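Step one of this worksheet: look at the structure below.
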Amino acid sequence: MLKCSQVADDGPHGQPTVVRCGKGDATARANREAARKNPDTKEIIMPEMAAGKENYMPQYAILRFAKMKGVSGALESHHERTKEKYASNPDIDTAKSKNNFHIVKPATSYKRESDGRIGMAGCKTRKDSVRFVDTMITASPGFFKGKKQAEVKAFFERATEFMSSKVGKDNIFTAVVHMDEKTPHMHLCFTPITEDGRLTAKEVIGDRNRLTQWQDDYFAYMVKIR
Ligand SMILES: [Mn+2]
């Protein structure tokens, strides 16, 4: 059924590689072990696996954060596809860009979106404050194989719900799903403002240990829609 391969799919933006293979194979076991140790990945238990089938396809839910101290034009231009051509990124198939969609559409520029929220909340800021967090959400390529657009949408809507529950719905100013790169993925940006109006990515995202907790919570939330 599934062939084991050491050649892994490179996901969007250098996400950890995920290898699809049969269950009993040594390489498969080694790869799954490596994936388990990588805090950026979690396995999604699929019905095939639960049924004890030999050659199930391991799947991973992937969530990554990048703390941003200012708005980069390149980041916004990538996320929102504001350029006509993306010569620097050969992974973008512009013929498919029409399939990209927003779950949260920014009303204005990222800078205005984040500055506006920080100003409204009356947050104290420093020169080196993290002003927004860029989140990349996806799953291993196999997870999306054969899924209809509506199912892909449901997956990312649920991921957005998860992020809302963790960081506050009003802090999220964009959530855009890219269907024109190798694997469907979502870029979601939010201001790390606490309920009592403090701008602190350190508290909202936390340290390395908290990242593991984030992964566990995300996995637990997402697995319910399988
Ligand atoms: Mn992208």
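Simple scheme: letters A, B, ... for chains in structure tokens order, numbers from 1 for residues in each chain, numbers from 1 for ligands in the order shown.
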Which residues of chain A come within 12 Å of ligand 1, and for each one, what is the closest pair of atoms and their distance in Å to one decimal, counting only C-alpha atoms and all ligand atoms, sorted by chain and residue number, as a tab-separated table?
residue	atom	partner	partner_atom_place_in_ligand_line	distance
A:Gly11	CA	ligand 1	1 (Mn)	10.0
A:Pro12	CA	ligand 1	1 (Mn)	6.4
A:His13	CA	ligand 1	1 (Mn)	7.2
A:Gly14	CA	ligand 1	1 (Mn)	10.8
A:Gln15	CA	ligand 1	1 (Mn)	11.3
A:Ala74	CA	ligand 1	1 (Mn)	11.6
A:Leu75	CA	ligand 1	1 (Mn)	9.4
A:Glu76	CA	ligand 1	1 (Mn)	10.3
A:Ser77	CA	ligand 1	1 (Mn)	10.1
A:His78	CA	ligand 1	1 (Mn)	6.4
A:His79	CA	ligand 1	1 (Mn)	5.9
A:Glu80	CA	ligand 1	1 (Mn)	8.9
A:Arg81	CA	ligand 1	1 (Mn)	8.9
A:Tyr86	CA	ligand 1	1 (Mn)	11.3
A:Asn89	CA	ligand 1	1 (Mn)	9.8
A:Pro90	CA	ligand 1	1 (Mn)	11.7
A:Asp91	CA	ligand 1	1 (Mn)	9.1
A:Ile92	CA	ligand 1	1 (Mn)	8.1
A:Asp93	CA	ligand 1	1 (Mn)	11.0
A:Thr94	CA	ligand 1	1 (Mn)	11.9
A:Ser97	CA	ligand 1	1 (Mn)	10.5
A:Asn100	CA	ligand 1	1 (Mn)	9.7
A:Phe101	CA	ligand 1	1 (Mn)	11.6
A:Asp134	CA	ligand 1	1 (Mn)	11.5
A:Thr135	CA	ligand 1	1 (Mn)	10.9
A:Met136	CA	ligand 1	1 (Mn)	8.4
A:Ile137	CA	ligand 1	1 (Mn)	10.0
A:Thr138	CA	ligand 1	1 (Mn)	10.4
A:Ala175	CA	ligand 1	1 (Mn)	11.1
A:Val176	CA	ligand 1	1 (Mn)	8.6
A:Val177	CA	ligand 1	1 (Mn)	7.7
A:His178	CA	ligand 1	1 (Mn)	5.4
A:Met179	CA	ligand 1	1 (Mn)	8.3
A:Asp180	CA	ligand 1	1 (Mn)	8.0
A:Glu181	CA	ligand 1	1 (Mn)	6.6
A:Lys182	CA	ligand 1	1 (Mn)	9.2
A:Thr183	CA	ligand 1	1 (Mn)	9.1
A:Pro184	CA	ligand 1	1 (Mn)	8.3
A:His185	CA	ligand 1	1 (Mn)	6.6
A:Met186	CA	ligand 1	1 (Mn)	7.0
A:His187	CA	ligand 1	1 (Mn)	6.7
A:Leu188	CA	ligand 1	1 (Mn)	10.4
DSSP says strand (DSSP E or B) for which residues of stretch 168-206 of chain A? Put them as a PyMOL selection string?
chain A and resi 172-178+185-190+193+199
Write out the residues from the selection above, keeping C-alpha atoms, as a PDB file, in the first residue's frame.
ATOM      1  CA  ILE A 172      -6.718  38.104  15.924  1.00  0.00           C
ATOM      2  CA  PHE A 173      -6.581  40.506  13.004  1.00  0.00           C
ATOM      3  CA  THR A 174      -5.900  38.166  10.106  1.00  0.00           C
ATOM      4  CA  ALA A 175      -6.276  34.461   9.385  1.00  0.00           C
ATOM      5  CA  VAL A 176      -5.633  33.550   5.769  1.00  0.00           C
ATOM      6  CA  VAL A 177      -5.491  30.063   4.255  1.00  0.00           C
ATOM      7  CA  HIS A 178      -3.034  29.503   1.416  1.00  0.00           C
ATOM      8  CA  HIS A 185      -1.706  26.139   5.647  1.00  0.00           C
ATOM      9  CA  MET A 186      -2.969  29.159   7.503  1.00  0.00           C
ATOM     10  CA  HIS A 187      -1.171  32.328   8.571  1.00  0.00           C
ATOM     11  CA  LEU A 188      -2.878  33.806  11.607  1.00  0.00           C
ATOM     12  CA  CYS A 189      -1.636  37.001  13.276  1.00  0.00           C
ATOM     13  CA  PHE A 190      -2.664  38.357  16.654  1.00  0.00           C
ATOM     14  CA  ILE A 193      -2.667  41.508  24.704  1.00  0.00           C
ATOM     15  CA  LEU A 199       1.124  43.615  25.784  1.00  0.00           C
TER      16      LEU A 199
END
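All residues of protein, DNA or RNA that reach within 7 Å of stretch 113-119 of chain A, judged by only C-alpha atoms and not counting those fewer than 6 positions away in the chain, are Arg131, Phe132, Phe173 and Thr191 of chain A.
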Since we have the selection now, will you write its residues out, keeping C-alpha atoms, as a PDB file, in the first residue's frame?
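The result, stored in selection-v3.pdb:
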ATOM      1  CA  ARG A 131       3.739  43.795  18.722  1.00  0.00           C
ATOM      2  CA  PHE A 132       2.150  40.794  17.094  1.00  0.00           C
ATOM      3  CA  PHE A 173      -6.581  40.506  13.004  1.00  0.00           C
ATOM      4  CA  THR A 191      -1.642  41.006  19.152  1.00  0.00           C
TER       5      THR A 191
END
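Distance annotation: of A:Ala154, A:Ile62, A:Leu211, A:Cys123, the residue with the minimal separation from A:Thr194 is A:Cys123; atom set is only C-alpha atoms.
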Atom CA of A:Phe144 and atom CA of A:Lys96 are how many Å apart?
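Answer for the atom CA of A:Phe144 to atom CA of A:Lys96 separation: 15.8 Å.
Here atom CA of A:Val71 and atom CA of A:Gly197 stand 20.8 Å from one another.
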Can you work out which one of A:Val223, A:Ile205, A:Ala61, A:Met68 has the shortest atom-to-atom distance to A:Ser129, counting only C-alpha atoms?
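Ranking A:Val223, A:Ile205, A:Ala61, A:Met68 by distance to A:Ser129, first place goes to A:Met68.
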By how many Å are atom CA of A:Ser72 and atom CA of A:Phe155 apart?
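Going from atom CA of A:Ser72 over to atom CA of A:Phe155, I get 27.8 Å.
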Could you name the residues that touch A:Met222 at 10 Å or less, counting only C-alpha atoms, but leaving out those on the same chain fewer than 6 positions away, as a list in words?
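Answer for this query is Ile44, Ala61, Phe155, Phe156, Arg158, Ala159, Phe162 and Asp216 of chain A.
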